[in-house]
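*Asks:* Mind looking over this structure? Questions follow.
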Amino acid sequence: MNAHQTQTRGAIRIDDVVKIYDPDGAAVMAVDHCTLDIEAGEICMIVGPSGCGKTTLLNAIAGFHEISSGRITLDGEVLCSTDKPKAEPGSDRIVVFQNGALFPWKTNIENVAFGPIMQGKLTKTEAVEKALGMMADAGLAGVEHNYPGEISSGMRRRVEIVRALMNDPKVLLLDEPYRALDSLTKSVMHEALLEIYYKNKVTIFFITHDLEEAIFLGHKVAIMTTRPCKPKKILSVDIPHPRDYSVLTSKRFRELMEETNEAVHEEALKAFKAGEKEG
Amino acid sequence: MSTNRFSARSAARGAVSIIVFLLLWELGSRSKQWIGADIFNPLRETLGALGFKKNYLPWVGAIPAPSEVLAAWAGVITDAGYWQSWYKSMFRVLAGFTAAMLIGIPFGLLLAVNRTAFGIGFPVFEVLRPIPPLAWVPASIIFWPTQEMSIAFVTFLGAFYTIVINVVGGAKSIDQRYFQAAQSMGSSKWDIFRRIILPGTLPSIMVGSAVGMGITWEVVVAAEMISGGGSQTGGTGGGGLGFFIWNSYVGGSYQQIVVGMISIGLAGFISSELLRALGQYVTPWLRLR
Amino acid sequence: MELVKKALTQEVMLDIFKRTMPFQVVSDAMLRRIAALGWQASHEQGAVLYDAGDKADDIYIIVSGKVEHALEPGVNARRPVQTLGPGDVFGWAALLERYPARLAKAVCVEPTEVIRINGDELLRLLESDPDAGDVVMSRFATMITRDYTVPDLIAQLRTIHRKLHSGDIQGMNLTLYRVSLWLKSPRPYLMLIGFALFLGFWYLAVEVWKLPRFREMPGITVVIREWISKDPTYGLSLYTEEYYQHIGMSIWRVTQAFVLATLVGVPFGLFLGWSRKFKEYLFPLFEMLRPIPILAWVPLAIVMFVSTESAVIYLTFLASFYATALNTMLGVESIEESYLRAASCLGASKWQVFRHVIVPGSLPFIFTGLQISVGVAWFSLVAAEMVSGQYGLGYVINTSYTMVRYPTIVIGMITLGAVGYVTSALVRIAGDYLMQWRVRELALGGH
């Protein structure tokens, strides 16, 4: 029933990963023997209080940070391990950043067509044509020749996602992308994301602190402990896809919220007491 | 993007460049001594073809070598006049700069806070600003009774513009919410000025001061060179490191020119560091990058 | 089939609008105006609201009941047949001017109450308020492209979008508009007061009251008279060729130095910011030489360079170089990490990152640096000209002093100010032209 079960690529395995920061000699453990399996084509939501280390995991998968020990594999291939602590950033796992990283000096269409042109996979004309189609698909027709600074932040997020999808990635890594949006725009963005997901087969690794967002979007929700982080509770969301906003008020949704709310709240309290700084 | 963590390796790299630089300088300035050798025939031909003199390297060949400069410096250190020049220049810089702050900060704050004052004062200020301070030297000499005061005025001008611009810019960029928060807590206008505007502009003032300090040194040095030595016995006017350099040039002692240049560079560096320390003291909440 | 025109209370309609997309994102004021266009109709079970191919006139919002909406096969719909209930909106074809035919068949499955809004009227209302209209239309676009892919429809949306914005003030009109706003504010008048005070004081202090120190200065009337006279006493005025020769000389020198400094300083700064190794090697040396004031170089420059002309240009170049290189480096270092990371995710090589991210990303800082560089260039040039050299505005000021031609000093100063301002403005304009994206961002009230 779940669409992703037909997918064969984009399976991530996080295997006993540890990350220790060492600022001025005081070792701080950010990730504590974290093991997590993400199936191919699955939407996996990572929920946890701010500063708990979930972004560290994302950065390790993307290749921006090193891990101290453990292993992360993508479709069986090792991304990083104890011997090779830093993965190579690549277009098979593309990140959509928290505050947006559309290049402000390029127009939207130039941004979207950027990846394939840089990699030499498409000529400029081909890339632009594909970009036009994908942007129209995502409801972004009409803003191709504007600059990112001229459109709303919700639209910017969508452009960034389309920019990522142009490269046919195996995984989309989303780092609290809707954090800065108002809740009205957010709910539209959620549906838009799902639309895009149904049309493009990708694994989605989505970090959020919003439990509702997590249960609404995800196949699997991993609730992380506060720093150092590891999965505290993993929830399988059995609400069938395709989903729309009516799911939010369904009985099953409320049940799932009740199951997990306490776990999340517990960790949030711990984080608050530990005085975690934002972000 | 780059966190400037101090590491032995990066210090070593920096040192390597400086040593290489000094070596090249030494070799180049002594080019008269080695360029005559046969190996360098093609080099000499190229120089000639380009229109330069053939018996020494252009530019660097004309200046004294680092070793000579060091020797000259050793000779000058014991001379009281040298240290007096130091004192005079530092004094002028700090005095002019302080004056610029004392007048510039209130003036800038007035412009930032009062719209009418801004409307009247800022356009005139902006029109006068592109005129380089040194262009004021003759006018300043005509106007002020003593040479010292005319130098002081020009020095003051140099830093004044930068400080005012930075104060105005800093005040404008204070987050509106601080004002709103203060007002909702019932602050009076004077309170808001003292507790929000003043501290809020301090960071910009500190940044502006760094630039202003550099300009002040430029102006002082130039003014000292232009307005001449004045009384040779080191009376109230004249003297200073700028004059020291000019005098060395006129007297044909090229090594001393370089001594003077390096001295000013050092003095400038010291005053900037003093300023930065002051800045840290006054605005501890800022961790300057 | 019975159509009953009932005046639904405004409040009830508003309430329904607020629960439906795309209306819920619009302000109350606009909603009231839309509500004023709507009217209610009742239909019995089995009533056919419209058939595919019918003329599309109204948009429908279901208040109560159920409607089966079957899209015709030509439309690539994700869900060709839908059952719509209270709060659902359909009949969007009515909003498209050249697409007046229905795309689907709508049949009431139960007794149904609907609100109908005429498409043409709604369009006109949206055009009258482009901002709100834009919001509605873009939400509408999202909904449409979500449900079906009809290229004509999308083209239609673009046309409407453009129509909504045809009234926007663009380019020249924007400038004129801003100028008119400026004239209406108190600012130009305060400015005049400021200048009047300044010039008035100058006039009074020197020529009327003859205050102690001011007596010696050249008065404003003297200066102006000299400046505009065809046969000036001291040889320089707007009418003398020599005046322009000096200006030209100074400008030529500044241009040479500035261009050289930019050609050397920008790449140097870019590398300093981009490569940590490069910076570790060369930055300490750079910072060691920088504190030496440019003017302290004057005697050494005269010794180094055979001609004074080269010496002057060298000095000016040095000043500009420091400013340009430093600001360029800061520009590169100011680029946010996420842009670089995004580029590497998207498969850009190091060189491509440099070309497409680092260079455009540092342009704002580079241009600030260039403006500073021009200012600094003039500063150094004047000093250098005053000390050594022939021709040039600095030379003019200095010799006017030594030859006791006081009014000419002031003429020189004013000319310097004007020329300096113009060159700085030229750099700024060049920057604005190259960084269209920033201009537009700032215009929209961005950071």
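Residue numbering restarts at 1 in every chain; chains get A, B, ... in the order shown in the structure tokens, and ligands count up from 1 in that same order.
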Could you pull the residues within 9 Å of Arg13 (chain A), counting only C-alpha atoms, minus those fewer than 5 positions along the same chain, as a list in words?
*Replies:* Thr35, Leu36, Asp37, Ile38, Glu39, Arg71, Ile72, Thr73, Leu74, Asp75 and Gly76 of chain A
*Asks:* Any idea what's packed within 12 Å of Leu111 (chain B), counting only C-alpha atoms, ignoring anything in its chain fewer than 4 positions away? Could you give it as a list in words?
*Replies:* Gly104, Ile105, Pro106, Phe107, Arg115, Thr116, Ala117, Phe118, Gly119, Ile120, Gly121, Phe122, Pro123, Val124, Phe125, Val164, Ile165, Asn166, Val167, Val168, Gly169, Gly170, Ala171 and Lys172 of chain B
*Asks:* Residues of the last selection are to be written out with N, CA and C atoms, as a PDB file, in the first residue's frame.
*Replies:*
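File produced: result.pdb:
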ATOM      1  N   GLY B 104      32.921  64.405  17.055  1.00  0.00           N
ATOM      2  CA  GLY B 104      32.228  63.616  16.036  1.00  0.00           C
ATOM      3  C   GLY B 104      31.112  62.758  16.582  1.00  0.00           C
ATOM      4  N   ILE B 105      31.329  62.131  17.731  1.00  0.00           N
ATOM      5  CA  ILE B 105      30.291  61.234  18.247  1.00  0.00           C
ATOM      6  C   ILE B 105      29.023  61.992  18.619  1.00  0.00           C
ATOM      7  N   PRO B 106      29.112  63.066  19.382  1.00  0.00           N
ATOM      8  CA  PRO B 106      27.876  63.796  19.671  1.00  0.00           C
ATOM      9  C   PRO B 106      27.219  64.334  18.408  1.00  0.00           C
ATOM     10  N   PHE B 107      28.055  64.849  17.502  1.00  0.00           N
ATOM     11  CA  PHE B 107      27.496  65.379  16.261  1.00  0.00           C
ATOM     12  C   PHE B 107      26.769  64.283  15.496  1.00  0.00           C
ATOM     13  N   ARG B 115      15.619  64.233  13.289  1.00  0.00           N
ATOM     14  CA  ARG B 115      15.434  64.264  11.835  1.00  0.00           C
ATOM     15  C   ARG B 115      15.721  65.630  11.235  1.00  0.00           C
ATOM     16  N   THR B 116      15.327  66.687  11.945  1.00  0.00           N
ATOM     17  CA  THR B 116      15.552  68.028  11.399  1.00  0.00           C
ATOM     18  C   THR B 116      17.039  68.310  11.319  1.00  0.00           C
ATOM     19  N   ALA B 117      17.738  67.955  12.395  1.00  0.00           N
ATOM     20  CA  ALA B 117      19.184  68.187  12.392  1.00  0.00           C
ATOM     21  C   ALA B 117      19.824  67.426  11.246  1.00  0.00           C
ATOM     22  N   PHE B 118      19.359  66.206  11.036  1.00  0.00           N
ATOM     23  CA  PHE B 118      19.898  65.396   9.947  1.00  0.00           C
ATOM     24  C   PHE B 118      19.641  66.064   8.596  1.00  0.00           C
ATOM     25  N   GLY B 119      18.443  66.535   8.419  1.00  0.00           N
ATOM     26  CA  GLY B 119      18.101  67.155   7.149  1.00  0.00           C
ATOM     27  C   GLY B 119      18.933  68.387   6.863  1.00  0.00           C
ATOM     28  N   ILE B 120      19.244  69.128   7.916  1.00  0.00           N
ATOM     29  CA  ILE B 120      20.029  70.348   7.731  1.00  0.00           C
ATOM     30  C   ILE B 120      21.516  70.019   7.609  1.00  0.00           C
ATOM     31  N   GLY B 121      21.991  69.186   8.508  1.00  0.00           N
ATOM     32  CA  GLY B 121      23.438  68.992   8.610  1.00  0.00           C
ATOM     33  C   GLY B 121      24.043  67.992   7.647  1.00  0.00           C
ATOM     34  N   PHE B 122      23.339  66.883   7.383  1.00  0.00           N
ATOM     35  CA  PHE B 122      23.962  65.811   6.626  1.00  0.00           C
ATOM     36  C   PHE B 122      24.315  66.171   5.189  1.00  0.00           C
ATOM     37  N   PRO B 123      23.456  66.855   4.454  1.00  0.00           N
ATOM     38  CA  PRO B 123      23.838  67.193   3.072  1.00  0.00           C
ATOM     39  C   PRO B 123      25.113  68.029   3.013  1.00  0.00           C
ATOM     40  N   VAL B 124      25.208  69.017   3.905  1.00  0.00           N
ATOM     41  CA  VAL B 124      26.425  69.832   3.915  1.00  0.00           C
ATOM     42  C   VAL B 124      27.637  68.958   4.219  1.00  0.00           C
ATOM     43  N   PHE B 125      27.467  68.105   5.203  1.00  0.00           N
ATOM     44  CA  PHE B 125      28.536  67.181   5.585  1.00  0.00           C
ATOM     45  C   PHE B 125      28.959  66.329   4.396  1.00  0.00           C
ATOM     46  N   VAL B 164      31.783  60.168  12.141  1.00  0.00           N
ATOM     47  CA  VAL B 164      30.389  60.584  12.012  1.00  0.00           C
ATOM     48  C   VAL B 164      29.611  59.594  11.152  1.00  0.00           C
ATOM     49  N   ILE B 165      30.199  59.210  10.015  1.00  0.00           N
ATOM     50  CA  ILE B 165      29.507  58.261   9.150  1.00  0.00           C
ATOM     51  C   ILE B 165      29.193  56.975   9.897  1.00  0.00           C
ATOM     52  N   ASN B 166      30.170  56.512  10.663  1.00  0.00           N
ATOM     53  CA  ASN B 166      29.947  55.256  11.378  1.00  0.00           C
ATOM     54  C   ASN B 166      28.914  55.391  12.487  1.00  0.00           C
ATOM     55  N   VAL B 167      28.896  56.542  13.160  1.00  0.00           N
ATOM     56  CA  VAL B 167      27.901  56.731  14.217  1.00  0.00           C
ATOM     57  C   VAL B 167      26.501  56.749  13.619  1.00  0.00           C
ATOM     58  N   VAL B 168      26.349  57.518  12.553  1.00  0.00           N
ATOM     59  CA  VAL B 168      25.030  57.610  11.915  1.00  0.00           C
ATOM     60  C   VAL B 168      24.586  56.240  11.418  1.00  0.00           C
ATOM     61  N   GLY B 169      25.482  55.550  10.759  1.00  0.00           N
ATOM     62  CA  GLY B 169      25.156  54.215  10.263  1.00  0.00           C
ATOM     63  C   GLY B 169      24.821  53.270  11.389  1.00  0.00           C
ATOM     64  N   GLY B 170      25.589  53.338  12.461  1.00  0.00           N
ATOM     65  CA  GLY B 170      25.353  52.455  13.590  1.00  0.00           C
ATOM     66  C   GLY B 170      24.019  52.719  14.250  1.00  0.00           C
ATOM     67  N   ALA B 171      23.679  53.994  14.429  1.00  0.00           N
ATOM     68  CA  ALA B 171      22.409  54.318  15.070  1.00  0.00           C
ATOM     69  C   ALA B 171      21.247  53.841  14.215  1.00  0.00           C
ATOM     70  N   LYS B 172      21.393  53.980  12.892  1.00  0.00           N
ATOM     71  CA  LYS B 172      20.294  53.591  12.011  1.00  0.00           C
ATOM     72  C   LYS B 172      20.073  52.087  12.043  1.00  0.00           C
TER      73      LYS B 172
END
*Asks:* Please provide the set of residues having any atom within 8 Å of region 174-183 of chain A, restricted to only C-alpha atoms, with same-chain residues fewer than 6 positions apart removed, written as a list of chain:residue names.
*Replies:*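 Contacts, with the query itself left out: A:Thr55, A:Leu58, A:Val95, A:Val96, A:Phe97, A:Gln98, A:Asn99, A:Gly100, A:Ser153, A:Gly154, A:Arg157, A:Met189, A:Ile204, A:Phe205, A:Phe206, A:Ile207, A:Thr208, A:His209.
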*Asks:* What lies within 8 Å of Gly219 (chain C) using only C-alpha atoms, ignoring chain neighbours under 5 positions off, as a list in words?
*Replies:*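 The residues satisfying every condition are Trp202, Tyr203, Val206, Glu207 and Pro407 of chain C.
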*Asks:* Pick from C:Ile366, C:Ile247, C:Leu330, C:Ala52: nearest to Gly412 (chain C), with only C-alpha atoms counted?
*Replies:* C:Ile247
*Asks:* Write out as a list in words the residues lying within 8 Å of Trp86 (chain B), counting only C-alpha atoms and excluding same-chain residues fewer than 5 positions away.
*Replies:*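 These residues fall inside the cut-off: Gly240, Leu241 and Ala267 of chain B.
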*Asks:* Please determine, counting only C-alpha atoms, which residue among A:Asp168, A:Glu255, A:Glu195, A:Asp83 has the shortest atom-to-atom distance to chain C.
*Replies:*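 When distances to chain C are compared using only C-alpha atoms, the smallest one comes from A:Glu195.
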*Asks:* Quick one: which chain A residues come within 6 Å of chain C, and what is the nearest atom pair for each with the distance in Å to one decimal, counting only C-alpha atoms, rows ordered by chain and ascending number, as a Markdown table?
*Replies:*
| residue | atom | partner | partner_atom | distance |
| --- | --- | --- | --- | --- |
| A:Pro89 | CA | C:Cys345 | CA | 5.3 |
| A:Gly90 | CA | C:Cys345 | CA | 4.8 |
| A:Ser91 | CA | C:Leu346 | CA | 5.1 |
| A:Ile94 | CA | C:Cys345 | CA | 5.5 |
| A:Ala101 | CA | C:Tyr339 | CA | 5.4 |
| A:Trp105 | CA | C:Trp437 | CA | 5.6 |
| A:Gly115 | CA | C:Leu346 | CA | 4.8 |
| A:Met118 | CA | C:Ala348 | CA | 5.4 |
| A:Gln119 | CA | C:Gly347 | CA | 5.7 |
| A:Gly139 | CA | C:Thr142 | CA | 4.7 |
| A:Gly142 | CA | C:Arg158 | CA | 5.8 |
| A:Gly149 | CA | C:Glu441 | CA | 5.2 |
*Asks:* Those selected residues, please, written with C-alpha atoms and delivered as a PDB file, in the first residue's frame.
*Replies:*
ATOM      1  CA  PRO A  89      29.388  15.490  -0.868  1.00  0.00           C
ATOM      2  CA  GLY A  90      27.534  14.391  -3.963  1.00  0.00           C
ATOM      3  CA  SER A  91      24.375  14.827  -5.937  1.00  0.00           C
ATOM      4  CA  ILE A  94      21.201  16.658  -1.719  1.00  0.00           C
ATOM      5  CA  ALA A 101      20.560  28.253   0.059  1.00  0.00           C
ATOM      6  CA  TRP A 105      22.637  36.254  -7.563  1.00  0.00           C
ATOM      7  CA  GLY A 115      23.239  20.998 -10.898  1.00  0.00           C
ATOM      8  CA  MET A 118      27.738  21.905 -13.538  1.00  0.00           C
ATOM      9  CA  GLN A 119      28.044  18.159 -13.747  1.00  0.00           C
ATOM     10  CA  GLY A 139       3.270  25.074  -9.132  1.00  0.00           C
ATOM     11  CA  GLY A 142       5.664  32.388 -13.682  1.00  0.00           C
ATOM     12  CA  GLY A 149      14.935  37.652  -3.187  1.00  0.00           C
TER      13      GLY A 149
END
*Asks:* Up to 8 Å from chain C, what residues of chain B turn up? Count only C-alpha atoms and give them as an mmCIF file with C-alpha atoms, in the first residue's frame.
*Replies:*
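Output file result-v6.cif is given in full below:
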data_model
loop_
_atom_site.group_PDB
_atom_site.id
_atom_site.type_symbol
_atom_site.label_atom_id
_atom_site.label_comp_id
_atom_site.auth_asym_id
_atom_site.auth_seq_id
_atom_site.Cartn_x
_atom_site.Cartn_y
_atom_site.Cartn_z
ATOM 1 C CA MET B 1 34.284 30.523 6.419
ATOM 2 C CA SER B 2 37.779 30.420 7.812
ATOM 3 C CA SER B 10 50.167 28.778 9.874
ATOM 4 C CA ALA B 11 52.560 30.972 11.830
ATOM 5 C CA ARG B 13 54.003 29.802 6.745
ATOM 6 C CA GLY B 14 53.608 33.480 7.461
ATOM 7 C CA ALA B 15 57.153 33.652 8.711
ATOM 8 C CA VAL B 16 58.425 31.933 5.577
ATOM 9 C CA SER B 17 56.897 34.608 3.362
ATOM 10 C CA ILE B 18 58.354 37.396 5.410
ATOM 11 C CA PRO B 58 64.696 48.767 -11.348
ATOM 12 C CA TRP B 59 62.906 50.064 -8.271
ATOM 13 C CA VAL B 60 64.254 47.656 -5.691
ATOM 14 C CA GLY B 61 67.810 48.315 -6.852
ATOM 15 C CA ALA B 62 67.558 51.940 -5.813
ATOM 16 C CA ILE B 63 66.563 51.408 -2.221
ATOM 17 C CA THR B 116 15.552 68.028 11.399
ATOM 18 C CA GLY B 119 18.101 67.155 7.149
ATOM 19 C CA ILE B 120 20.029 70.348 7.731
ATOM 20 C CA GLY B 121 23.438 68.992 8.610
ATOM 21 C CA PHE B 122 23.962 65.811 6.626
ATOM 22 C CA PRO B 123 23.838 67.193 3.072
ATOM 23 C CA VAL B 124 26.425 69.832 3.915
ATOM 24 C CA VAL B 127 29.227 67.677 0.190
ATOM 25 C CA LEU B 128 32.341 68.558 2.145
ATOM 26 C CA ARG B 129 33.414 64.971 2.720
ATOM 27 C CA PRO B 130 34.914 64.173 -0.695
ATOM 28 C CA ILE B 131 37.410 66.996 -0.279
ATOM 29 C CA PRO B 132 40.521 65.199 0.940
ATOM 30 C CA PRO B 133 41.690 66.465 4.343
ATOM 31 C CA LEU B 134 45.114 67.311 2.930
ATOM 32 C CA ALA B 135 43.516 69.719 0.517
ATOM 33 C CA TRP B 136 42.591 71.696 3.608
ATOM 34 C CA PRO B 138 46.813 75.539 2.982
ATOM 35 C CA ALA B 139 43.469 76.895 4.127
ATOM 36 C CA ILE B 142 46.094 80.556 6.660
ATOM 37 C CA PHE B 143 43.379 80.300 9.254
ATOM 38 C CA TRP B 144 45.069 78.986 12.363
ATOM 39 C CA PRO B 145 47.657 81.089 14.177
ATOM 40 C CA GLY B 214 44.559 54.757 9.864
ATOM 41 C CA TRP B 217 48.187 58.579 10.740
ATOM 42 C CA GLU B 218 48.186 59.279 7.032
ATOM 43 C CA VAL B 221 52.544 62.063 8.437
ATOM 44 C CA ALA B 222 51.608 64.039 5.371
ATOM 45 C CA ILE B 226 54.339 69.197 3.969
ATOM 46 C CA GLY B 242 56.853 62.442 9.043
ATOM 47 C CA ILE B 245 61.441 60.881 6.949
ATOM 48 C CA TRP B 246 61.391 64.010 4.842
ATOM 49 C CA TYR B 249 65.388 62.252 2.212
ATOM 50 C CA TYR B 254 68.070 56.808 2.431
ATOM 51 C CA ILE B 257 63.952 56.965 5.317
ATOM 52 C CA VAL B 258 63.154 53.289 5.642
ATOM 53 C CA MET B 261 58.742 54.293 7.518
ATOM 54 C CA ILE B 262 58.992 51.192 9.634
ATOM 55 C CA ILE B 264 55.587 54.840 11.676
ATOM 56 C CA GLY B 265 54.221 51.444 10.743
ATOM 57 C CA LEU B 266 55.043 50.205 14.217
ATOM 58 C CA GLY B 268 50.424 52.891 13.829
ATOM 59 C CA PHE B 269 50.150 49.262 14.793
#
*Asks:* List the spatial neighbours of Gly212 (chain B) as a list in words - criterion: any atom at most 6 Å away, only C-alpha atoms, same-chain residues fewer than 4 positions off excluded.
*Replies:* Ala159, Thr162 and Gly208 of chain B
*Asks:* By how many Å are CA of Phe253 (chain A) and CA of Val162 (chain A) apart?
*Replies:*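 So the answer is 28.8 Å.
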